[in-house]
Structure formats: structure tokens, C-alpha cells
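Heads up, protein-v4.cif below (mmCIF, C-alpha atoms):
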```
data_data
loop_
_atom_site.label_atom_id
_atom_site.label_comp_id
_atom_site.auth_asym_id
_atom_site.auth_seq_id
_atom_site.Cartn_x
_atom_site.Cartn_y
_atom_site.Cartn_z
CA MET X 1 -15.05 -3.90 -20.00
CA LYS X 2 -11.91 -2.22 -18.85
CA ARG X 3 -13.11 -1.55 -15.31
CA LYS X 4 -13.96 -5.19 -14.79
CA GLU X 5 -10.27 -6.03 -15.33
CA VAL X 6 -9.30 -4.04 -12.28
CA PHE X 7 -12.05 -5.36 -10.06
CA LYS X 8 -11.44 -9.03 -10.58
CA GLY X 9 -8.11 -8.80 -8.77
CA LEU X 10 -9.71 -7.00 -5.89
CA TRP X 11 -12.38 -9.55 -5.13
CA GLN X 12 -13.42 -12.44 -7.42
CA LYS X 13 -9.89 -13.40 -8.30
CA ASN X 14 -8.18 -12.03 -5.24
CA PRO X 15 -4.67 -13.50 -5.32
CA ILE X 16 -4.59 -14.32 -1.62
CA PHE X 17 -8.09 -15.41 -0.71
CA ARG X 18 -9.32 -16.91 -3.96
CA GLN X 19 -6.26 -17.92 -5.94
CA LEU X 20 -4.15 -18.71 -2.87
CA LEU X 21 -1.04 -17.41 -4.58
CA GLY X 22 2.04 -15.88 -2.98
CA MET X 23 1.45 -17.76 0.25
CA CYS X 24 5.04 -17.58 1.42
CA PRO X 25 5.28 -13.83 1.97
CA THR X 26 1.60 -13.70 2.90
CA LEU X 27 2.16 -15.92 5.89
CA ALA X 28 5.63 -14.73 6.77
CA VAL X 29 5.46 -10.95 6.78
CA THR X 30 1.93 -10.30 7.97
CA THR X 31 3.06 -10.14 11.57
CA THR X 32 2.36 -6.42 11.75
CA ALA X 33 0.11 -4.22 9.63
CA ARG X 34 3.05 -2.03 8.69
CA ASN X 35 5.09 -4.95 7.34
CA GLY X 36 2.09 -6.27 5.44
CA LEU X 37 1.46 -2.90 3.84
CA ALA X 38 5.11 -2.39 2.88
CA MET X 39 5.26 -5.83 1.28
CA GLY X 40 1.99 -5.25 -0.53
CA LEU X 41 3.19 -1.98 -2.01
CA ALA X 42 6.51 -3.51 -3.06
CA VAL X 43 4.70 -6.34 -4.83
CA LEU X 44 2.30 -3.88 -6.46
CA PHE X 45 5.22 -1.89 -7.84
CA VAL X 46 7.00 -4.96 -9.20
CA LEU X 47 3.80 -6.45 -10.62
CA PHE X 48 2.89 -3.20 -12.36
CA PHE X 49 6.23 -2.69 -14.09
CA SER X 50 6.78 -6.36 -14.81
CA GLU X 51 3.39 -6.71 -16.53
CA LEU X 52 4.10 -3.46 -18.37
CA VAL X 53 7.39 -4.66 -19.80
CA VAL X 54 6.21 -8.20 -20.51
CA SER X 55 3.19 -6.90 -22.37
CA LEU X 56 5.33 -4.44 -24.33
CA ILE X 57 7.77 -7.08 -25.54
CA LYS X 58 5.36 -9.98 -25.85
CA LYS X 59 5.72 -10.24 -29.62
CA MET X 60 9.50 -10.34 -29.43
CA VAL X 61 9.90 -13.19 -26.98
CA PRO X 62 10.24 -16.73 -28.39
CA PRO X 63 7.93 -19.00 -26.37
CA GLN X 64 10.73 -21.38 -25.44
CA ILE X 65 12.47 -18.80 -23.26
CA ARG X 66 9.49 -16.86 -21.97
CA ILE X 67 9.73 -18.01 -18.37
CA ALA X 68 13.43 -17.21 -18.25
CA VAL X 69 12.80 -13.79 -19.74
CA TYR X 70 9.93 -12.97 -17.36
CA THR X 71 12.02 -14.07 -14.39
CA VAL X 72 14.93 -11.85 -15.44
CA ILE X 73 12.60 -8.89 -15.81
CA ILE X 74 10.90 -9.52 -12.47
CA ALA X 75 14.25 -10.03 -10.74
CA THR X 76 15.47 -6.71 -12.14
CA PHE X 77 12.51 -4.77 -10.76
CA VAL X 78 12.67 -6.51 -7.40
CA THR X 79 16.36 -5.68 -7.12
CA ILE X 80 15.55 -2.07 -7.93
CA VAL X 81 12.90 -2.02 -5.18
CA ASP X 82 15.32 -3.64 -2.74
CA THR X 83 18.06 -1.13 -3.56
CA VAL X 84 15.70 1.85 -3.29
CA LEU X 85 14.42 0.60 0.06
CA LYS X 86 17.95 0.17 1.39
CA ALA X 87 18.84 3.67 0.28
CA PHE X 88 15.73 5.70 1.08
CA PHE X 89 13.56 3.64 3.44
CA PHE X 90 16.22 2.04 5.57
CA GLN X 91 13.98 1.21 8.52
CA ILE X 92 11.45 -0.67 6.42
CA SER X 93 14.23 -2.44 4.57
CA ARG X 94 15.56 -3.70 7.89
CA GLU X 95 12.13 -4.93 8.93
CA LEU X 96 11.31 -6.77 5.73
CA GLY X 97 14.91 -7.78 5.11
CA PRO X 98 15.14 -11.12 3.38
CA TYR X 99 11.56 -11.13 2.16
CA VAL X 100 12.02 -8.41 -0.42
CA PRO X 101 14.33 -10.47 -2.67
CA LEU X 102 11.87 -13.32 -2.28
CA ILE X 103 9.29 -11.30 -4.20
CA ILE X 104 11.06 -12.58 -7.30
CA VAL X 105 9.62 -16.03 -6.72
CA ASN X 106 6.22 -14.78 -5.63
CA CYS X 107 3.93 -16.77 -7.91
CA ILE X 108 1.48 -13.92 -8.33
CA ILE X 109 3.93 -11.94 -10.41
CA LEU X 110 5.19 -14.71 -12.64
CA GLY X 111 1.65 -16.07 -12.80
CA ARG X 112 0.08 -12.86 -14.05
CA CYS X 113 2.89 -12.20 -16.50
CA GLU X 114 2.49 -15.64 -18.02
CA ALA X 115 -1.29 -15.94 -17.84
CA PHE X 116 -2.21 -12.40 -18.75
CA ALA X 117 0.42 -9.85 -19.70
CA SER X 118 2.04 -12.09 -22.29
CA GLN X 119 -1.26 -12.39 -24.12
CA ASN X 120 -2.96 -9.05 -23.65
CA LYS X 121 -2.37 -5.47 -24.62
CA VAL X 122 -0.51 -3.06 -22.40
CA SER X 123 -3.49 -1.11 -21.08
CA SER X 124 -5.31 -4.27 -19.97
CA SER X 125 -2.15 -5.64 -18.43
CA LEU X 126 -1.64 -2.50 -16.38
CA LEU X 127 -5.19 -2.69 -15.10
CA ASP X 128 -4.72 -6.35 -14.28
CA ALA X 129 -1.55 -5.47 -12.36
CA LEU X 130 -3.35 -2.74 -10.43
CA GLY X 131 -6.23 -5.03 -9.56
CA MET X 132 -4.08 -7.96 -8.50
CA GLY X 133 -1.58 -5.75 -6.72
CA LEU X 134 -4.19 -3.82 -4.78
CA GLY X 135 -6.06 -7.04 -4.07
CA PHE X 136 -2.85 -8.47 -2.64
CA CYS X 137 -2.32 -5.27 -0.63
CA TRP X 138 -5.68 -5.19 1.07
CA GLY X 139 -5.51 -8.94 1.67
CA LEU X 140 -2.16 -8.57 3.40
CA LEU X 141 -3.39 -5.56 5.34
CA VAL X 142 -6.45 -7.36 6.69
CA LEU X 143 -4.50 -10.49 7.54
CA ALA X 144 -1.66 -8.53 9.14
CA SER X 145 -3.99 -6.25 11.08
CA LEU X 146 -5.86 -9.21 12.56
CA ARG X 147 -2.65 -10.97 13.51
CA GLU X 148 -1.13 -7.86 15.00
CA LEU X 149 -4.34 -7.12 16.89
CA LEU X 150 -4.62 -10.58 18.39
CA GLY X 151 -0.92 -11.22 18.80
CA PHE X 152 0.26 -7.84 20.10
CA GLY X 153 -2.96 -6.01 20.90
CA GLN X 154 -1.99 -3.30 18.42
CA ILE X 155 -2.58 -2.19 14.86
CA LEU X 156 0.16 -0.18 13.17
CA GLY X 157 1.81 0.10 16.56
CA VAL X 158 -1.21 1.75 18.13
CA GLN X 159 -2.50 -0.04 21.20
CA ILE X 160 -6.10 -1.07 20.53
CA MET X 161 -6.74 -3.83 22.99
CA PRO X 162 -7.22 -2.88 26.64
CA ALA X 163 -4.37 -3.57 29.03
CA ALA X 164 -6.20 -6.57 30.46
CA PHE X 165 -5.99 -8.33 27.12
CA ASN X 166 -3.54 -11.22 27.13
CA PRO X 167 -1.95 -11.33 23.69
CA LEU X 168 -2.12 -14.60 21.78
CA ILE X 169 1.48 -15.00 20.66
CA VAL X 170 0.46 -17.95 18.49
CA MET X 171 -1.09 -15.41 16.12
CA ILE X 172 2.38 -14.09 15.34
CA LEU X 173 3.73 -17.57 14.73
CA PRO X 174 3.20 -19.45 11.45
CA ALA X 175 0.37 -21.48 12.99
CA GLY X 176 -1.55 -18.30 13.66
CA ALA X 177 -1.01 -17.17 10.08
CA PHE X 178 -2.65 -20.32 8.77
CA LEU X 179 -5.49 -20.00 11.25
CA VAL X 180 -6.36 -16.42 10.33
CA LEU X 181 -5.89 -17.06 6.63
CA GLY X 182 -8.11 -20.13 6.69
CA PHE X 183 -10.78 -18.20 8.54
CA LEU X 184 -10.66 -15.33 6.04
CA VAL X 185 -10.83 -17.66 3.03
CA ALA X 186 -13.85 -19.40 4.55
CA LEU X 187 -15.44 -16.03 5.23
CA MET X 188 -14.94 -14.93 1.63
CA ASN X 189 -16.44 -18.16 0.36
CA LYS X 190 -19.45 -17.62 2.61
CA ILE X 191 -19.92 -14.07 1.35
CA GLU X 192 -19.81 -15.34 -2.22
CA GLU X 193 -22.49 -17.86 -1.32
CA TRP X 194 -24.76 -15.22 0.18
CA LYS X 195 -24.41 -13.09 -2.92
CA THR X 196 -25.96 -15.76 -5.13
CA MET S 197 19.28 -23.05 -36.52
CA LYS S 198 17.61 -19.71 -37.00
CA GLN S 199 15.46 -20.45 -33.96
CA ILE S 200 18.48 -20.96 -31.73
CA ILE S 201 20.05 -17.73 -32.89
CA LYS S 202 16.87 -15.80 -32.30
CA ILE S 203 16.45 -17.31 -28.86
CA SER S 204 20.05 -16.65 -27.81
CA PHE S 205 19.98 -13.13 -29.17
CA THR S 206 16.72 -12.18 -27.49
CA LEU S 207 17.67 -13.59 -24.13
CA THR S 208 21.11 -12.01 -24.22
CA THR S 209 19.74 -8.62 -25.19
CA ILE S 210 17.15 -8.65 -22.46
CA CYS S 211 19.75 -9.67 -19.88
CA LEU S 212 22.10 -6.93 -21.04
CA VAL S 213 19.41 -4.26 -20.81
CA CYS S 214 18.42 -5.42 -17.34
CA ALA S 215 22.03 -5.57 -16.19
CA PHE S 216 22.62 -2.05 -17.46
CA LEU S 217 19.54 -0.74 -15.70
CA LEU S 218 20.55 -2.44 -12.47
CA ALA S 219 24.09 -1.06 -12.69
CA LEU S 220 22.64 2.44 -13.02
CA VAL S 221 20.35 2.10 -10.02
CA TYR S 222 23.05 0.41 -7.95
CA ASN S 223 25.58 3.15 -8.64
CA GLY S 224 23.08 5.86 -7.91
CA ALA S 225 22.13 4.35 -4.59
CA GLN S 226 25.52 3.15 -3.33
CA ALA S 227 26.54 6.38 -1.68
CA LYS S 228 23.24 6.63 0.18
CA ILE S 229 23.36 2.99 1.26
CA LYS S 230 26.89 3.34 2.62
CA ALA S 231 25.86 6.52 4.41
CA ASN S 232 22.92 4.72 5.98
CA GLN S 233 25.19 1.97 7.22
CA GLU S 234 27.70 4.43 8.67
CA LYS S 235 24.96 6.41 10.35
CA LEU S 236 23.56 3.24 11.86
CA ILE S 237 26.94 2.37 13.34
CA GLN S 238 27.56 5.87 14.67
CA ASP S 239 24.06 6.16 16.06
CA SER S 240 24.48 2.84 17.81
CA ILE S 241 27.75 3.93 19.39
CA ALA S 242 26.24 7.24 20.43
CA GLN S 243 23.27 5.49 21.95
CA LEU S 244 25.24 2.78 23.76
CA ALA S 245 28.07 5.03 25.02
CA PRO S 246 26.73 8.57 25.04
CA ASP S 247 29.64 10.00 27.00
CA THR S 248 32.13 9.18 24.27
CA THR S 249 34.10 12.23 23.31
CA ARG S 250 36.47 10.56 20.89
CA GLN S 251 36.70 7.33 18.92
CA GLU S 252 39.89 5.68 17.79
CA GLU S 253 39.32 3.37 14.91
CA LEU S 254 41.48 0.25 15.09
CA GLN S 255 42.01 -2.41 12.50
CA LEU S 256 42.17 -5.99 13.70
CA GLY S 257 42.82 -8.20 10.71
CA ARG S 258 39.84 -7.53 8.48
CA GLU S 259 37.71 -6.10 11.21
CA LYS S 260 37.24 -2.67 12.57
CA LEU S 261 36.74 -1.79 16.15
CA TRP S 262 36.49 1.50 17.90
CA LYS S 263 38.30 2.38 21.09
CA LEU S 264 36.14 4.81 23.01
CA TYR S 265 37.53 7.72 24.99
CA ARG S 266 36.02 9.98 27.57
CA GLY S 267 38.30 12.99 27.41
CA ASP S 268 41.77 11.41 27.39
CA GLU S 269 40.78 8.23 29.10
CA PRO S 270 39.79 5.12 27.18
CA PHE S 271 36.84 3.41 28.72
CA GLY S 272 35.74 0.73 26.31
CA TYR S 273 35.52 -0.78 22.89
CA ALA S 274 32.76 -0.83 20.32
CA VAL S 275 32.82 -3.69 17.88
CA ILE S 276 30.49 -5.32 15.39
CA ALA S 277 30.11 -9.00 16.11
CA ALA S 278 28.74 -11.17 13.34
CA GLY S 279 27.53 -14.74 13.37
CA GLN S 280 24.80 -17.12 12.38
CA GLY S 281 21.32 -16.16 13.45
CA TYR S 282 18.13 -18.04 12.68
CA GLY S 283 17.64 -16.75 9.17
CA GLY S 284 21.15 -15.76 8.17
CA THR S 285 24.01 -13.61 9.28
CA LEU S 286 23.39 -11.52 12.34
CA GLU S 287 25.44 -8.38 13.02
CA VAL S 288 25.37 -6.99 16.53
CA MET S 289 27.22 -3.95 17.81
CA ALA S 290 28.52 -4.51 21.30
CA VAL S 291 30.18 -2.01 23.57
CA PHE S 292 32.51 -3.66 26.05
CA ASP S 293 34.45 -2.19 28.92
CA LEU S 294 38.23 -2.01 28.66
CA ASN S 295 39.04 -5.47 29.97
CA LEU S 296 36.28 -7.03 27.86
CA LYS S 297 34.64 -8.67 30.82
CA LYS S 298 31.50 -6.57 30.85
CA ILE S 299 28.96 -5.62 28.23
CA LYS S 300 27.87 -2.02 28.35
CA GLY S 301 25.14 -2.53 25.84
CA ILE S 302 24.23 -3.97 22.47
CA SER S 303 22.45 -2.91 19.32
CA VAL S 304 21.47 -5.09 16.38
CA ILE S 305 22.97 -3.72 13.17
CA SER S 306 21.62 -6.13 10.60
CA ASP S 307 19.66 -9.33 10.66
CA SER S 308 17.64 -11.71 8.54
CA GLU S 309 15.40 -12.91 11.31
CA THR S 310 11.72 -13.60 10.95
CA PRO S 311 9.72 -10.37 10.87
CA GLY S 312 7.63 -10.00 14.01
CA LEU S 313 9.44 -12.77 15.88
CA GLY S 314 13.22 -12.98 15.59
CA SER S 315 13.31 -9.37 14.47
CA ARG S 316 12.22 -8.43 17.97
CA ILE S 317 15.83 -8.79 19.06
CA ARG S 318 15.98 -5.20 17.85
CA GLU S 319 13.59 -4.05 20.54
CA LYS S 320 14.71 -2.10 23.58
CA SER S 321 13.06 -4.58 25.92
CA PHE S 322 15.36 -7.35 24.73
CA GLN S 323 18.53 -5.33 24.33
CA SER S 324 18.30 -3.54 27.66
CA GLN S 325 18.96 -6.89 29.34
CA PHE S 326 22.53 -6.63 28.13
CA GLN S 327 23.24 -3.30 29.75
CA ASN S 328 26.11 -3.57 32.20
CA LEU S 329 26.00 -7.33 32.09
CA ALA S 330 29.05 -9.39 32.93
CA ILE S 331 30.15 -11.77 30.16
CA ASN S 332 29.77 -14.81 32.35
CA GLU S 333 26.27 -13.90 33.48
CA THR S 334 24.54 -14.16 30.14
CA LYS S 335 22.43 -17.05 31.40
CA GLN S 336 20.12 -14.43 32.86
CA ILE S 337 19.04 -13.26 29.42
CA GLU S 338 15.39 -14.05 28.79
CA THR S 339 14.77 -15.27 25.28
CA ILE S 340 11.93 -13.83 23.22
CA THR S 341 8.87 -16.07 23.02
CA GLY S 342 8.83 -17.73 19.62
CA ALA S 343 12.36 -16.52 18.86
CA THR S 344 14.57 -18.74 20.95
CA ILE S 345 17.20 -19.31 18.30
CA SER S 346 17.50 -15.65 17.39
CA SER S 347 17.79 -14.63 21.03
CA GLN S 348 20.40 -17.24 21.85
CA ALA S 349 22.35 -16.41 18.71
CA VAL S 350 22.78 -12.83 19.92
CA VAL S 351 24.26 -14.03 23.20
CA LYS S 352 26.54 -16.53 21.50
CA ILE S 353 27.83 -14.05 18.96
CA ILE S 354 28.66 -11.47 21.61
CA LYS S 355 30.40 -13.92 23.90
CA GLU S 356 32.50 -15.29 21.08
CA LYS S 357 33.52 -11.81 20.04
CA ALA S 358 34.47 -10.90 23.59
CA ASN S 359 36.63 -14.03 23.88
CA GLU S 360 38.21 -13.36 20.52
CA LEU S 361 39.04 -9.78 21.44
CA GLN S 362 40.44 -10.77 24.80
CA LYS S 363 42.96 -12.94 23.00
CA SER S 364 43.92 -10.52 20.26
CA LEU S 365 44.10 -7.39 22.35
CA LYS S 366 46.39 -8.85 24.99
#
```
Starting from the coordinates I provided, produce the structure as C-alpha cells.
Amino acid sequence: MKRKEVFKGLWQKNPIFRQLLGMCPTLAVTTTARNGLAMGLAVLFVLFFSELVVSLIKKMVPPQIRIAVYTVIIATFVTIVDTVLKAFFFQISRELGPYVPLIIVNCIILGRCEAFASQNKVSSSLLDALGMGLGFCWGLLVLASLRELLGFGQILGVQIMPAAFNPLIVMILPAGAFLVLGFLVALMNKIEEWKT
Amino acid sequence: MKQIIKISFTLTTICLVCAFLLALVYNGAQAKIKANQEKLIQDSIAQLAPDTTRQEELQLGREKLWKLYRGDEPFGYAVIAAGQGYGGTLEVMAVFDLNLKKIKGISVISDSETPGLGSRIREKSFQSQFQNLAINETKQIETITGATISSQAVVKIIKEKANELQKSLK
């Protein structure tokens, strides 16, 4: 039973391709695989600790203020991540810049805290966070890799496409993000169809 | 009534704990963050004007600028120019020659531009266009595809700073 909790975030309830949550950072920072990965890991960290704390204090929070409380907790962890990045991973902090504070309003985190962590025990919540966080990570990685490949001819800065390849800059622009995302969502739906 | 007290108390306590935790992390990281910023500035100066043997830090109002010397001879100024980019404040380090008519080079210090697009103003290919460029020839600068506003903001910010310095350093 426990293992299923982790897996649902990875595939059936993947936050990007099935739940279509957290679209803002998904579309904005997946311009290179490295940015996508960094954002994914930051979200995973925040999601993990936010669900942990929310689940721990669930009995103590009056329902009327739960959203305010969850937001304060999430904002605290995001600020910690932002500060740590600025201090110890300066380059990445400069690349992701304004999008790290925006993790606070990433619906995946508030969504999971409200829909799951507030009503389940700590161990399940942690697994849920891992599943959703990793699901978000690989989703971002795939999306970012495709966009970087088509838009720059590279993945993680390594030139993959031959020199003759004319990069499609539109893939780096928001329009390209929607295009690749739509294609991937359709692909996932198709795979689900084939499975049944 | 009891409800309101419980609600206020819980929310306040949680906020206090979070604030305390944040204060701890912030204090612990401040020194490192400041050091990173300083290093970035010094690295930029070293990269843009490698033959600098000495820097004289000047205060102009609330701003700092560095007068650069080669031996005993001053040969230029390094200054951080800030202004509005596409996504927020843009800080660019510019090294000018002594009469502030020529740009020796630029380096982006901090920006909030779109990752992958506007953030490309940090790339060598964009910044090298500014090397040894006269202030009134900035029309030659090619903007980055998909990042017109960011590119133009860099030019505007530098020109404004040069004009400003020309007036104040007379």
C-alpha cells in the first residue's frame, strides 16, 4: 500500500502531465535542462518539508486558518531554499532568479498540503511528497530537455544536434513551451489508452 | 470567543516559529551572500580590465564607483549601472574610459530576466559587442532574438549611467 503512494505522483497522478499543476514555472524555466532540474529539485525539497510539517501539526491547526498556515510554512521553506541557493549555489540562483520565490505559489505544494498532508499520517505524506516531487522533476527534465534540444541544439549544454541543424528559437519562447507540453500530455494520454 | 483566541494563538505561534527559523538561516548565510556579491564585482572588474593594478573606490552620493589605475595612471572607471529590465531591476557593471565616452566592456551583475531568453544578456556573445564601443555608437548592438526588451534595457542603462557620470565627475 505504501509503495503505491510514491508511484502515483510519478505517473498516474503526475503533477505536470496529468494534474496540470504548477504550470507557471513549468513553462517558464524549462528553457534548459539544467534550469528545469534545479527548479524540480527546489520544489521537491520544499514539498517534502512542507508536507512533513503540515502533517505533523495537522491536529493543531483550526480549519479556518489552514490555508494561511500552510502558506506561511511553504513560504518559510522556499525562503530558506532561496537563501541557501544565493549563498552556496550562486550561479544557479542567478539563472533561476525570480522563479525561486514563485515556488511559494506553485499550486502543487499548497495542493498536496491541503489535499493530502493535512489528512494523512506523516509517513504517507512524505511518500506523497517524494512521488509528486520526483514526478514534477522528471516532467520538467523531459520538457526542458526537448525544448533545449530543439531550441538550442543542446542538452545540459552539450551539443547534440549536428552543426547543420537550424535551431527553432520558438521552442525557447512561451509558445514553444505550450507546444511541447501539449504534445507530451497527449502522448501520456495515448500511453494510458494503450495500457488498457 | 474561545475559537478566536485559539485561532489567533495558533497562527501567531506558527508565524513566530517560522520567523525565528528564517532569521537563523538568514544570519548564517549573510556573510556568504555578501562575499558572493563582492566576488562577482571584483571578478567582473578583473575580467573587463585585466591590466588594473589598483582600484580607488569613490563614493558618488549613494553609489560606489571604482577608478582604475594601471601603475600610477588612471585609465578608466568601473561602475554598476542599474535600471529597469524586462522582469525587474537590471544591474550591469560597465567599465568606461576616463572621459566616459567609450565603453571598455560590460558584465551583467544581477537580473530578473526570463531564463533562457532575457538571461542570455549574460552571455559572452552579447556582451562582447560592447567591447571598446563608443557611447554614441550603441545602435550597432544586435538584440537577442526573443529578448528585445532585455537587450535594449542594457544599452539604455549604460548610456544613462555614462551621461550621469559625465555630469557629476566634471
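The spacing separating CA of Lys59 in chain X from CA of Gly135 in chain X amounts to 28.3 Å.
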Original post:
Where does the PyMOL selection byres ((chain X) within 8 of (chain S)) land in this file, that is, which residues does it pick, as JSON, numbers by chain?
Top reply: {"X": [28, 29, 31, 32, 35, 60, 61, 62, 64, 65, 69, 72, 73, 76, 79, 80, 83, 84, 86, 87, 88, 90, 94, 95, 96, 97, 98, 169, 172, 173]}
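Under the PyMOL selection byres ((chain X and resi 14) around 10), the matching residues in the shown file are X:Phe7, X:Lys8, X:Gly9, X:Leu10, X:Trp11, X:Gln12, X:Lys13, X:Pro15, X:Ile16, X:Phe17, X:Arg18, X:Gln19, X:Leu20, X:Leu21, X:Gly131, X:Met132, X:Gly133, X:Leu134, X:Gly135, X:Phe136, X:Trp138, X:Gly139.
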Original post:
By how many Å are CA of Leu361 in chain S and CA of Glu253 in chain S apart?
Top reply: 14.7 Å
Subject >> Interatomic distance, CA of Ser55 in chain X to CA of Cys113 in chain X (Å, one decimal) >> reply: 7.9 Å
Original post:
the PyMOL selection byres ((chain X and resi 150-155) around 8) on the file shown: which residues, as number ranges by chain?
Top reply: X: 32-33, 145-149, 156-162, 165, 167-172
**OP:** Mind checking which residues fall within 10 Å of Cys24 in chain X, counting all atoms listed in the file, ignoring those fewer than 3 positions away in the same chain, and posting them as a ChimeraX atom specification?
**Re:** /X:21,27-29,99,102-103,105-107
Original post:
Of the candidates S:Val350, S:Ile317, S:Ile299, S:Val291, which one gets nearest to Gln243 in chain S if we count only C-alpha atoms?
Top reply: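 Between S:Val350, S:Ile317, S:Ile299, S:Val291, the residue approaching Gln243 in chain S most closely is S:Val291.
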**OP:** Considering all atoms listed in the file, return as a PyMOL selection string whatever protein or nucleic-acid residues lie within 10 Å of Leu126 in chain X, sequence-local ones (same chain, fewer than 6 positions apart) excluded.
**Re:** chain X and resi 5-6+47-53+55+117+120+132
**OP:** Tell me which of X:Ala38, X:Gly176, X:Gly111, X:Leu187 sits closest to Phe89 in chain X, counting all atoms listed in the file.
**Re:** X:Ala38
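The residue set within 12 Å of Glu252 in chain S, counting only C-alpha atoms and dropping same-chain residues fewer than 6 places from it, reads Lys260, Leu261, Trp262, Lys263, Leu264, Tyr265, Arg266, Asp268, Glu269, Pro270, Phe271, Gly272, Tyr273, Ala274 and Val275 of chain S.
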Subject >> Point (35.7, -9.4, 33.7) neighbourhood (8 Å, all atoms listed in the file) written as a ChimeraX atom specification >> reply: /S:295-298,330-331
Original post:
Skipping near chain neighbours, those fewer than 5 positions away, what residues fall within 10 Å of Gln325 in chain S using all atoms listed in the file, listed as an MDAnalysis selection string?
Top reply: chainID S and resid 301:302 320 334 336:338
Residue rebuild result range 25-43 of chain X, N, CA, C and O atoms as a compact mmCIF listing (two decimals), in the coordinates of the input:
```
# COMPACT_ATOMS: atom_id res chain seq x y z
N PRO X 25 5.21 -15.13 1.30
CA PRO X 25 5.28 -13.83 1.97
C PRO X 25 3.99 -13.51 2.73
O PRO X 25 4.03 -12.87 3.78
N THR X 26 2.86 -13.97 2.23
CA THR X 26 1.60 -13.70 2.90
C THR X 26 1.65 -14.18 4.34
O THR X 26 1.26 -13.48 5.27
N LEU X 27 2.13 -15.38 4.53
CA LEU X 27 2.16 -15.92 5.89
C LEU X 27 3.32 -15.38 6.70
O LEU X 27 3.22 -15.23 7.91
N ALA X 28 4.43 -15.10 6.02
CA ALA X 28 5.63 -14.73 6.77
C ALA X 28 5.69 -13.27 7.23
O ALA X 28 6.14 -13.00 8.33
N VAL X 29 5.25 -12.34 6.38
CA VAL X 29 5.46 -10.95 6.78
C VAL X 29 4.23 -10.26 7.35
O VAL X 29 4.27 -9.09 7.69
N THR X 30 3.12 -10.98 7.46
CA THR X 30 1.93 -10.30 7.97
C THR X 30 1.88 -10.31 9.49
O THR X 30 0.83 -10.45 10.10
N THR X 31 3.04 -10.15 10.10
CA THR X 31 3.06 -10.14 11.57
C THR X 31 2.66 -8.79 12.13
O THR X 31 2.17 -8.69 13.24
N THR X 32 2.89 -7.72 11.35
CA THR X 32 2.36 -6.42 11.75
C THR X 32 1.76 -5.76 10.52
O THR X 32 2.17 -6.03 9.40
N ALA X 33 0.79 -4.88 10.74
CA ALA X 33 0.11 -4.22 9.63
C ALA X 33 1.10 -3.43 8.77
O ALA X 33 0.99 -3.40 7.54
N ARG X 34 2.08 -2.83 9.44
CA ARG X 34 3.05 -2.03 8.69
C ARG X 34 3.87 -2.88 7.73
O ARG X 34 4.09 -2.50 6.58
N ASN X 35 4.32 -4.05 8.20
CA ASN X 35 5.09 -4.95 7.34
C ASN X 35 4.24 -5.43 6.18
O ASN X 35 4.70 -5.52 5.04
N GLY X 36 2.98 -5.79 6.49
CA GLY X 36 2.09 -6.27 5.44
C GLY X 36 1.89 -5.22 4.37
O GLY X 36 1.96 -5.50 3.17
N LEU X 37 1.69 -3.99 4.79
CA LEU X 37 1.46 -2.90 3.84
C LEU X 37 2.69 -2.66 2.98
O LEU X 37 2.60 -2.52 1.76
N ALA X 38 3.86 -2.63 3.62
CA ALA X 38 5.11 -2.39 2.88
C ALA X 38 5.33 -3.48 1.83
O ALA X 38 5.68 -3.19 0.68
N MET X 39 5.10 -4.72 2.22
CA MET X 39 5.26 -5.83 1.28
C MET X 39 4.26 -5.71 0.15
O MET X 39 4.60 -5.89 -1.02
N GLY X 40 3.03 -5.38 0.48
CA GLY X 40 1.99 -5.25 -0.53
C GLY X 40 2.34 -4.19 -1.57
O GLY X 40 2.20 -4.41 -2.77
N LEU X 41 2.84 -3.06 -1.09
CA LEU X 41 3.19 -1.98 -2.01
C LEU X 41 4.38 -2.37 -2.88
O LEU X 41 4.42 -2.05 -4.07
N ALA X 42 5.35 -3.07 -2.28
CA ALA X 42 6.51 -3.51 -3.06
C ALA X 42 6.08 -4.46 -4.17
O ALA X 42 6.52 -4.34 -5.31
N VAL X 43 5.20 -5.39 -3.83
CA VAL X 43 4.70 -6.34 -4.83
C VAL X 43 3.90 -5.62 -5.91
O VAL X 43 4.03 -5.91 -7.09
```
